[in-house]
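Peer 1: Hey, dropping input11.txt in here, compact mmCIF, C-alpha atoms:
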# COMPACT_ATOMS: atom_id res chain seq x y z
CA MET N 1 68.14 -106.73 45.10
CA TYR N 2 67.92 -110.49 44.48
CA VAL N 3 69.60 -111.52 41.20
CA LEU N 4 69.34 -114.96 39.64
CA GLY N 5 72.51 -115.92 37.76
CA ILE N 6 72.63 -118.54 34.99
CA GLU N 7 75.86 -119.93 33.53
CA THR N 8 75.73 -122.31 30.53
CA SER N 9 78.73 -121.33 28.42
CA CYS N 10 80.34 -124.77 28.09
CA ASP N 11 80.08 -128.02 30.05
CA GLU N 12 78.75 -126.93 33.45
CA THR N 13 75.28 -125.71 34.32
CA GLY N 14 75.57 -123.17 37.13
CA VAL N 15 72.71 -121.34 38.84
CA ALA N 16 72.94 -119.02 41.84
CA ILE N 17 71.08 -116.25 43.63
CA TYR N 18 72.98 -113.19 44.88
CA HIS N 19 71.63 -110.36 47.02
CA SER N 20 73.15 -106.89 46.72
CA GLU N 21 73.43 -106.52 50.52
CA LYS N 22 73.21 -110.06 51.95
CA GLY N 23 75.67 -111.61 49.51
CA LEU N 24 75.43 -115.11 48.03
CA ILE N 25 72.12 -116.75 48.94
CA SER N 26 72.30 -120.09 47.13
CA ASP N 27 74.51 -121.72 44.53
CA PHE N 28 74.23 -125.01 42.63
CA LEU N 29 76.26 -126.56 39.85
CA TYR N 30 75.87 -129.58 37.61
CA SER N 31 79.05 -130.73 35.85
CA GLN N 32 78.99 -132.68 32.57
CA ILE N 33 82.52 -134.06 33.04
CA THR N 34 81.38 -137.69 33.29
CA MET N 35 79.40 -137.45 30.06
CA HIS N 36 82.15 -135.75 28.02
CA SER N 37 85.04 -137.84 29.40
CA GLU N 38 83.83 -140.74 27.25
CA TYR N 39 84.68 -138.64 24.17
CA GLY N 40 87.92 -137.09 25.44
CA GLY N 41 86.53 -133.55 25.32
CA VAL N 42 83.40 -131.42 25.18
CA VAL N 43 80.81 -132.39 22.56
CA PRO N 44 78.87 -129.13 21.92
CA GLU N 45 75.57 -130.73 20.93
CA LEU N 46 75.52 -132.99 23.99
CA ALA N 47 76.45 -130.05 26.20
CA SER N 48 73.53 -127.97 24.92
CA ARG N 49 71.01 -130.77 25.39
CA ASP N 50 72.18 -131.42 28.92
CA HIS N 51 71.90 -127.72 29.82
CA ILE N 52 68.26 -127.88 28.70
CA ARG N 53 67.62 -130.78 31.07
CA ARG N 54 69.39 -129.24 34.06
CA VAL N 55 68.81 -125.48 34.09
CA VAL N 56 65.17 -125.26 35.23
CA PRO N 57 65.50 -127.86 38.03
CA LEU N 58 68.59 -126.01 39.28
CA ILE N 59 66.68 -122.72 39.29
CA LYS N 60 63.93 -124.32 41.39
CA GLN N 61 66.58 -125.79 43.70
CA CYS N 62 68.18 -122.36 44.18
CA LEU N 63 64.84 -120.74 45.03
CA GLU N 64 63.99 -123.48 47.53
CA ALA N 65 67.43 -123.33 49.17
CA GLY N 66 67.09 -119.59 49.61
CA ASN N 67 63.50 -119.89 50.85
CA LEU N 68 62.46 -117.59 48.01
CA LYS N 69 59.66 -117.39 45.46
CA SER N 70 59.95 -116.26 41.87
CA SER N 71 58.26 -112.99 42.90
CA ASP N 72 61.25 -112.23 45.15
CA ILE N 73 63.69 -112.12 42.21
CA ASN N 74 64.49 -108.57 41.07
CA GLY N 75 66.69 -109.35 38.06
CA ILE N 76 68.23 -112.15 36.01
CA ALA N 77 71.84 -112.35 34.78
CA TYR N 78 73.03 -114.85 32.20
CA THR N 79 76.27 -115.67 30.42
CA ALA N 80 75.98 -114.33 26.88
CA GLY N 81 79.52 -115.18 25.76
CA PRO N 82 82.13 -116.14 24.96
CA GLY N 83 81.37 -119.83 24.80
CA LEU N 84 79.64 -122.52 22.75
CA MET N 85 76.77 -120.98 20.80
CA GLY N 86 74.23 -123.71 21.50
CA ALA N 87 75.07 -123.81 25.19
CA LEU N 88 74.92 -120.01 25.48
CA LEU N 89 71.49 -119.96 23.82
CA VAL N 90 70.07 -122.29 26.46
CA GLY N 91 70.96 -119.87 29.24
CA ALA N 92 70.03 -116.79 27.22
CA THR N 93 66.59 -118.04 26.18
CA THR N 94 65.83 -119.32 29.68
CA ALA N 95 66.86 -116.05 31.30
CA ARG N 96 65.05 -113.84 28.82
CA SER N 97 61.87 -115.93 29.00
CA LEU N 98 61.83 -115.87 32.81
CA ALA N 99 62.58 -112.15 32.88
CA TRP N 100 59.65 -111.45 30.58
CA THR N 101 57.36 -113.76 32.57
CA TRP N 102 58.40 -112.40 35.96
CA GLN N 103 58.50 -108.81 34.67
CA VAL N 104 62.05 -108.14 35.85
CA PRO N 105 65.11 -106.82 33.97
CA ALA N 106 67.69 -109.15 32.45
CA ILE N 107 71.38 -108.51 31.85
CA ALA N 108 73.87 -110.27 29.56
CA VAL N 109 77.16 -111.01 31.34
CA HIS N 110 80.57 -111.53 29.76
CA HIS N 111 81.91 -114.91 30.87
CA MET N 112 85.43 -113.60 31.50
CA GLU N 113 84.09 -110.63 33.47
CA GLY N 114 82.35 -113.17 35.68
CA HIS N 115 85.67 -114.92 36.34
CA LEU N 116 87.45 -111.62 36.83
CA LEU N 117 84.97 -110.56 39.53
CA ALA N 118 84.73 -113.98 41.24
CA PRO N 119 87.21 -112.92 43.99
CA MET N 120 84.67 -110.23 44.97
CA LEU N 121 82.59 -113.06 46.48
CA GLU N 122 85.25 -113.63 49.14
CA GLU N 123 85.45 -112.02 52.59
CA ASN N 124 88.55 -110.03 51.63
CA PRO N 125 87.91 -108.81 48.07
CA PRO N 126 90.51 -106.79 46.15
CA ALA N 127 90.11 -103.04 45.81
CA PHE N 128 90.37 -101.34 42.42
CA PRO N 129 92.66 -100.92 40.56
CA PHE N 130 94.38 -104.28 40.12
CA VAL N 131 95.96 -106.54 37.50
CA ALA N 132 94.00 -109.69 36.67
CA LEU N 133 95.33 -112.92 35.17
CA LEU N 134 92.41 -114.78 33.62
CA VAL N 135 93.17 -118.39 32.73
CA SER N 136 90.00 -120.18 31.75
CA GLY N 137 89.56 -122.78 29.02
CA GLY N 138 90.56 -121.19 25.73
CA HIS N 139 91.50 -117.84 27.29
CA THR N 140 94.68 -116.52 28.87
CA LEU N 141 94.49 -112.77 29.47
CA LEU N 142 96.28 -110.11 31.49
CA VAL N 143 93.98 -107.18 32.19
CA ARG N 144 94.31 -103.91 34.08
CA VAL N 145 91.08 -103.42 36.04
CA ASP N 146 90.19 -99.89 37.19
CA GLY N 147 86.56 -100.68 37.96
CA ILE N 148 83.70 -102.87 36.79
CA GLY N 149 83.69 -102.63 33.01
CA GLN N 150 86.88 -100.53 33.01
CA TYR N 151 89.31 -103.01 31.50
CA GLN N 152 92.55 -102.47 29.62
CA LEU N 153 93.87 -105.57 27.87
CA LEU N 154 97.58 -105.89 28.62
CA GLY N 155 98.30 -109.25 27.01
CA GLU N 156 96.64 -112.40 25.68
CA SER N 157 97.43 -115.77 24.16
CA ILE N 158 98.31 -115.56 20.46
CA ASP N 159 97.72 -119.29 19.91
CA ASP N 160 96.99 -122.00 22.48
CA ALA N 161 95.85 -120.76 25.87
CA ALA N 162 97.26 -122.31 29.05
CA GLY N 163 94.11 -124.37 29.63
CA GLU N 164 94.20 -125.74 26.09
CA ALA N 165 97.86 -126.68 26.52
CA PHE N 166 97.01 -128.56 29.71
CA ASP N 167 94.21 -130.46 27.92
CA LYS N 168 96.40 -131.35 24.93
CA THR N 169 99.26 -132.43 27.17
CA ALA N 170 96.87 -134.66 29.09
CA LYS N 171 95.76 -136.24 25.83
CA MET N 172 99.38 -136.91 24.79
CA LEU N 173 100.03 -138.56 28.15
CA GLY N 174 96.90 -140.68 27.85
CA LEU N 175 95.21 -139.05 30.84
CA GLY N 176 91.86 -138.19 29.31
CA TYR N 177 89.46 -135.35 30.08
CA PRO N 178 89.47 -132.96 31.90
CA GLY N 179 93.17 -132.47 31.33
CA GLY N 180 94.22 -129.82 33.86
CA PRO N 181 93.52 -131.69 37.12
CA LYS N 182 94.90 -134.95 35.69
CA VAL N 183 98.19 -133.37 34.58
CA SER N 184 98.50 -131.66 37.97
CA ALA N 185 97.92 -134.92 39.84
CA LEU N 186 100.48 -136.78 37.72
CA ALA N 187 103.01 -133.93 38.12
CA GLU N 188 103.02 -134.54 41.87
CA GLN N 189 104.72 -137.88 41.15
CA GLY N 190 107.28 -136.28 38.81
CA LYS N 191 110.91 -135.31 39.29
CA PRO N 192 112.83 -132.27 37.94
CA ARG N 193 114.41 -134.24 35.13
CA PHE N 194 113.51 -132.20 32.03
CA LYS N 195 113.94 -128.48 31.33
CA PHE N 196 111.12 -127.08 29.22
CA PRO N 197 111.13 -123.60 27.61
CA ARG N 198 109.32 -120.59 29.09
CA PRO N 199 107.72 -119.29 25.87
CA MET N 200 107.90 -115.57 24.99
CA THR N 201 109.58 -114.62 28.25
CA ASP N 202 112.85 -113.66 26.53
CA ARG N 203 111.21 -110.74 24.72
CA PRO N 204 109.30 -107.66 25.90
CA GLY N 205 105.53 -107.65 26.06
CA LEU N 206 102.77 -109.43 27.94
CA ASP N 207 101.35 -111.78 25.31
CA PHE N 208 101.37 -115.55 25.80
CA SER N 209 102.06 -118.51 23.52
CA PHE N 210 101.74 -122.11 24.66
CA SER N 211 101.67 -123.86 21.28
CA GLY N 212 105.45 -124.30 21.21
CA LEU N 213 105.46 -125.65 24.76
CA LYS N 214 102.88 -128.22 23.73
CA THR N 215 105.06 -129.27 20.78
CA PHE N 216 108.15 -129.47 23.01
CA THR N 217 106.18 -131.71 25.36
CA MET N 218 105.20 -134.03 22.49
CA ASN N 219 108.78 -134.25 21.18
CA THR N 220 110.13 -135.00 24.66
CA LEU N 221 107.56 -137.76 25.13
CA HIS N 222 108.58 -139.37 21.82
CA GLU N 223 112.22 -139.44 22.98
CA THR N 224 111.38 -141.47 26.10
CA GLU N 225 110.22 -145.05 26.62
CA LYS N 226 106.87 -143.64 27.79
CA THR N 227 107.02 -145.33 31.19
CA GLU N 228 104.77 -144.03 33.95
CA GLN N 229 107.75 -142.23 35.51
CA ASP N 230 108.62 -140.68 32.14
CA LYS N 231 105.08 -139.34 31.89
CA ALA N 232 105.12 -138.04 35.46
CA ASP N 233 108.45 -136.26 34.87
CA ILE N 234 107.09 -134.69 31.67
CA ALA N 235 103.92 -133.56 33.45
CA TYR N 236 106.09 -132.00 36.17
CA ALA N 237 108.27 -130.20 33.61
CA PHE N 238 105.26 -128.95 31.63
CA GLN N 239 103.42 -127.66 34.69
CA THR N 240 106.54 -125.99 36.07
CA ALA N 241 107.21 -124.25 32.74
CA THR N 242 103.61 -123.04 32.56
CA ALA N 243 103.62 -121.78 36.13
CA GLU N 244 106.91 -119.92 35.67
CA THR N 245 105.78 -118.42 32.36
CA LEU N 246 102.58 -117.06 33.90
CA THR N 247 104.54 -115.79 36.91
CA ILE N 248 107.12 -113.95 34.79
CA LYS N 249 104.38 -112.23 32.79
CA CYS N 250 102.42 -111.28 35.92
CA ARG N 251 105.53 -109.81 37.55
CA ARG N 252 106.15 -107.81 34.39
CA ALA N 253 102.53 -106.57 34.36
CA LEU N 254 102.73 -105.42 37.99
CA GLN N 255 106.00 -103.62 37.34
CA GLN N 256 104.74 -101.95 34.15
CA THR N 257 101.48 -100.74 35.73
CA GLY N 258 102.95 -99.94 39.13
CA LEU N 259 100.03 -101.74 40.79
CA LYS N 260 100.39 -103.88 43.91
CA ARG N 261 97.32 -106.10 43.64
CA LEU N 262 97.08 -109.21 41.45
CA VAL N 263 93.95 -111.28 40.88
CA ILE N 264 94.09 -114.75 39.34
CA ALA N 265 90.82 -116.37 38.26
CA GLY N 266 89.46 -119.03 35.92
CA GLY N 267 89.71 -122.81 35.93
CA VAL N 268 93.52 -122.98 35.68
CA SER N 269 93.79 -120.72 38.74
CA ALA N 270 92.88 -123.78 40.83
CA ASN N 271 96.30 -125.29 40.00
CA LYS N 272 98.29 -125.48 43.26
CA GLN N 273 101.71 -125.01 41.68
CA ILE N 274 100.61 -121.93 39.76
CA ARG N 275 99.08 -120.43 42.91
CA ALA N 276 102.24 -121.14 44.89
CA ALA N 277 104.49 -119.59 42.23
CA LEU N 278 102.36 -116.44 42.03
CA LEU N 279 102.18 -116.15 45.80
CA GLU N 280 105.97 -116.35 46.08
CA MET N 281 106.36 -113.72 43.36
CA THR N 282 103.84 -111.27 44.86
CA GLU N 283 105.51 -111.55 48.26
CA LYS N 284 108.85 -110.61 46.69
CA GLU N 285 107.18 -107.72 44.86
CA LYS N 286 105.47 -106.63 48.09
CA ALA N 287 102.13 -107.07 46.33
CA GLN N 288 98.92 -108.86 47.32
CA LEU N 289 97.49 -111.91 45.57
CA TYR N 290 93.74 -112.57 45.42
CA PHE N 291 91.91 -115.59 44.05
CA PRO N 292 88.45 -117.13 44.45
CA ARG N 293 87.83 -120.28 46.48
CA LEU N 294 88.30 -123.45 44.43
CA LYS N 295 84.59 -123.97 43.70
CA PHE N 296 84.42 -120.53 42.08
CA CYS N 297 87.52 -121.00 39.91
CA THR N 298 85.60 -123.12 37.42
CA ASP N 299 82.42 -121.99 35.68
CA ASN N 300 79.64 -121.20 38.15
CA GLY N 301 76.43 -119.24 38.53
CA ALA N 302 77.61 -117.22 41.54
CA MET N 303 80.11 -115.15 39.57
CA ILE N 304 77.46 -114.42 36.90
CA ALA N 305 74.89 -113.41 39.52
CA TYR N 306 77.41 -111.07 41.17
CA ALA N 307 78.58 -109.45 37.93
CA GLY N 308 75.00 -109.08 36.72
CA CYS N 309 73.90 -107.57 40.02
CA GLN N 310 76.51 -104.81 39.75
CA ARG N 311 75.40 -103.90 36.24
CA LEU N 312 71.69 -104.05 37.09
CA LEU N 313 72.28 -101.77 40.09
CA SER N 314 73.83 -99.22 37.72
CA GLY N 315 70.67 -99.24 35.61
CA GLN N 316 71.86 -101.40 32.74
CA GLN N 317 69.55 -104.05 31.26
CA GLU N 318 68.87 -105.85 28.00
CA ASN N 319 65.94 -105.41 25.66
CA LEU N 320 63.76 -108.34 24.64
CA GLU N 321 66.27 -109.49 22.03
CA ILE N 322 67.99 -112.77 22.97
CA PHE N 323 71.69 -111.93 22.99
CA ALA N 324 74.45 -114.55 22.69
CA LYS N 325 77.94 -113.94 21.36
CA PRO N 326 80.35 -116.91 21.17
CA ARG N 327 83.25 -114.56 20.39
CA TRP N 328 83.20 -111.44 22.52
CA PRO N 329 86.39 -109.48 23.36
CA ILE N 330 86.39 -108.22 26.95
CA SER N 331 87.65 -104.87 25.65
CA GLU N 332 84.18 -104.22 24.19
CA LEU N 333 82.59 -103.96 27.65
CA THR N 334 81.56 -100.60 29.07
CA GLY N 335 81.80 -99.43 32.68
CA VAL N 336 78.96 -99.21 35.21
Render the structure in this file as structure tokens.
Peer 2:
Amino acid sequence: MYVLGIETSCDETGVAIYHSEKGLISDFLYSQITMHSEYGGVVPELASRDHIRRVVPLIKQCLEAGNLKSSDINGIAYTAGPGLMGALLVGATTARSLAWTWQVPAIAVHHMEGHLLAPMLEENPPAFPFVALLVSGGHTLLVRVDGIGQYQLLGESIDDAAGEAFDKTAKMLGLGYPGGPKVSALAEQGKPRFKFPRPMTDRPGLDFSFSGLKTFTMNTLHETEKTEQDKADIAYAFQTATAETLTIKCRRALQQTGLKRLVIAGGVSANKQIRAALLEMTEKEKAQLYFPRLKFCTDNGAMIAYAGCQRLLSGQQENLEIFAKPRWPISELTGV
């Protein structure tokens, strides 16, 4: 089964084709970072308009790269949420229109399920069950995964997610957009000078809170002369605190569930310090750590094509209604 995947939830247009037996056939991505960096963050209206310009050419490019025709496609998967409503509608209307024209089924994919299953695209995918840490944009979740669609939410951010805290810290430090990679790069020049709190690690539970860490970062910055070394040391302290907080919660989740497999996915999972901290922890816990290659950490069409393929193979599909849901809890998903 050839499945075309379309991802347009935020500021990247991703299109890919996945085959149920051959694996990933083609994958292309257009990032809007240059356009949005002028404004210091994503402008929803501009994002939607750019998706309109990019999605069809990328679909044609994917077909050509895979030496395929539209008649070879057996199903279409698209990100239906969560995300920016206008951006989601571009992918949803494109997918539904093509599915009707090509007379193939379409399936709405949950954006976070796409990230959660992205490690399945690797040569050594994790077996079920496992614990997943999803850190993408405005989401920080810990989920027990017993199968596709079989998700138990263990913990989530009650205010700012880790990705949002990175972006806001970058703005405080004058680094611009996108914040995560810029804070990480600056942190490499930093020294262990400041000690930042590890929020909500001194109490039981698996929920996250990064709002206080963001405020602590701002107060620390105000107390310095704001030299380049001051900023680098603050970036180092912030990133270290975030990495240790995520690691403590993941260790707790593995111990509470008794599982020995941990998946980390989403844009923040590309952070080298966070990966290193989690790898050290899983080795001590005699557990295994899985994560997607760097290009599949951020939003992409491959993860949507894969997730959609699994649901289409089980017989699921959407009706002709165009479905988009900017707020969509992962706990509402059903199994395959």
Peer 1: Considering only C-alpha atoms, state which residue in the set N:Ile330, N:Lys60, N:His51, N:Gly138 is at the smallest distance from Gln150 of chain N.
Peer 2: N:Ile330
Peer 1: Just to confirm, what's the straight-line distance from atom CA of Ser26 of chain N to atom CA of Glu45 of chain N in Å (one decimal)?
Peer 2: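 Straight-line distance from atom CA of Ser26 of chain N to atom CA of Glu45 of chain N works out to 28.5 Å.
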Peer 1: Looking at all atoms listed in the file, which of N:Glu12, N:Thr217, N:Ile234, N:Glu164 is the one that sits closest to Arg193 of chain N?
Peer 2: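 Ranked by minimum distance to Arg193 of chain N, first place goes to N:Ile234.
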Peer 1: Would you mind telling me which residue in N:Tyr39, N:Phe166, N:Phe291, N:Tyr2 lies nearest to Phe238 of chain N when using all atoms listed in the file?
Peer 2: N:Phe166
Peer 1: Which residue is closest to Arg311 of chain N? Choose from N:Ser71, N:Thr298, N:Thr334, N:Thr34 and count all atoms listed in the file.
Peer 2: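 Selected residue with least distance to Arg311 of chain N: N:Thr334.
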Peer 1: Using all atoms listed in the file, which of N:Lys231, N:Arg203, N:His115, N:Lys195 sits nearest Glu244 of chain N?
Peer 2: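 Closest to Glu244 of chain N, using all atoms listed in the file: N:Lys195.
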Peer 1: Find the residues around segment 248-256 of chain N up to 9 Å (all atoms listed in the file counted), leave out those fewer than 4 positions away in its own chain, and share them as a PyMOL selection string.
Peer 2: chain N and resi 130-133+142-144+154-155+201+205-208+243-244+260-262+278+281-282+285+287
Peer 1: Pick out the residues sitting within 10 Å of Thr79 of chain N, and hand them over as JSON, numbers by chain; count all atoms listed in the file, and ignore anything fewer than 6 positions along from it in its own chain.
Peer 2: {"N": [5, 6, 7, 8, 9, 87, 88, 89, 90, 91, 92, 95, 107, 108, 109, 110, 111, 112, 113, 114, 301, 303, 304, 305, 308, 323, 324, 325]}
Peer 1: I'd like the neighbourhood of Ser184 of chain N as a PyMOL selection string, where a residue qualifies if any of its atoms comes within 8 Å (using all atoms listed in the file), though same-chain residues fewer than 5 positions away should be ignored.
Peer 2: chain N and resi 235-236+239+271
Peer 1: Using all atoms listed in the file, determine which residues lie at most 7 Å from Asp27 of chain N, disregarding the query and same-chain residues fewer than 5 positions distant; provide the list as a VMD selection string.
Peer 2: chain N and resid 15 to 17 62 301 to 302
Peer 1: Write a file of the selected residues as a CSV table (one decimal), keeping the file's coordinate frame, keeping C-alpha atoms.
Peer 2:
chain,number,residue,atom,x,y,z
N,15,VAL,CA,72.7,-121.3,38.8
N,16,ALA,CA,72.9,-119.0,41.8
N,17,ILE,CA,71.1,-116.2,43.6
N,62,CYS,CA,68.2,-122.4,44.2
N,301,GLY,CA,76.4,-119.2,38.5
N,302,ALA,CA,77.6,-117.2,41.5
Peer 1: Could you name the residues that touch Asp230 of chain N at 9 Å or less, counting all atoms listed in the file, but leaving out those on the same chain fewer than 6 positions away, as a PyMOL selection string?
Peer 2: chain N and resi 190+221+224
Peer 1: Kindly give the distance, in Å, that separates atom CA of Gly41 of chain N and atom CA of Cys10 of chain N, rounded to a single decimal.
Peer 2: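 Answer for the atom CA of Gly41 of chain N to atom CA of Cys10 of chain N separation: 11.1 Å.
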Peer 1: Looking at N:Glu188, N:Gly86, N:Thr13, N:Thr93, which one is nearest to Val55 of chain N, with distances taken over all atoms listed in the file?
Peer 2: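 Of N:Glu188, N:Gly86, N:Thr13, N:Thr93, the one nearest Val55 of chain N, counting all atoms listed in the file, is N:Thr13.
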Peer 1: Box for segment 284-303 of chain N - axis-aligned, 6 Å on each of the six sides, all listed atoms - centre and size in Å to one decimal, as lines of an AutoDock Vina configuration file.
Peer 2:
center_x = 92.6
center_y = -115.3
center_z = 41.9
size_x = 44.4
size_y = 29.3
size_z = 24.4
Peer 1: Work out how far apart atom CA of Asp50 of chain N and atom CA of Glu321 of chain N are and give it in Å to one decimal.
Peer 2: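 Interatomic distance, atom CA of Asp50 of chain N to atom CA of Glu321 of chain N: 23.7 Å.
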Peer 1: Compute the distance from (75.8, -133.6, 39.7) to each atom, counting only C-alpha atoms, keep the residues with any atom at most 12 Å away, and return them as a list in words; use the coordinates of the file.
Peer 2: Asp11, Glu12, Thr13, Gly14, Phe28, Leu29, Tyr30, Ser31, Gln32, Ile33, Thr34, Met35, Asp50, Arg54, Pro57 and Leu58 of chain N
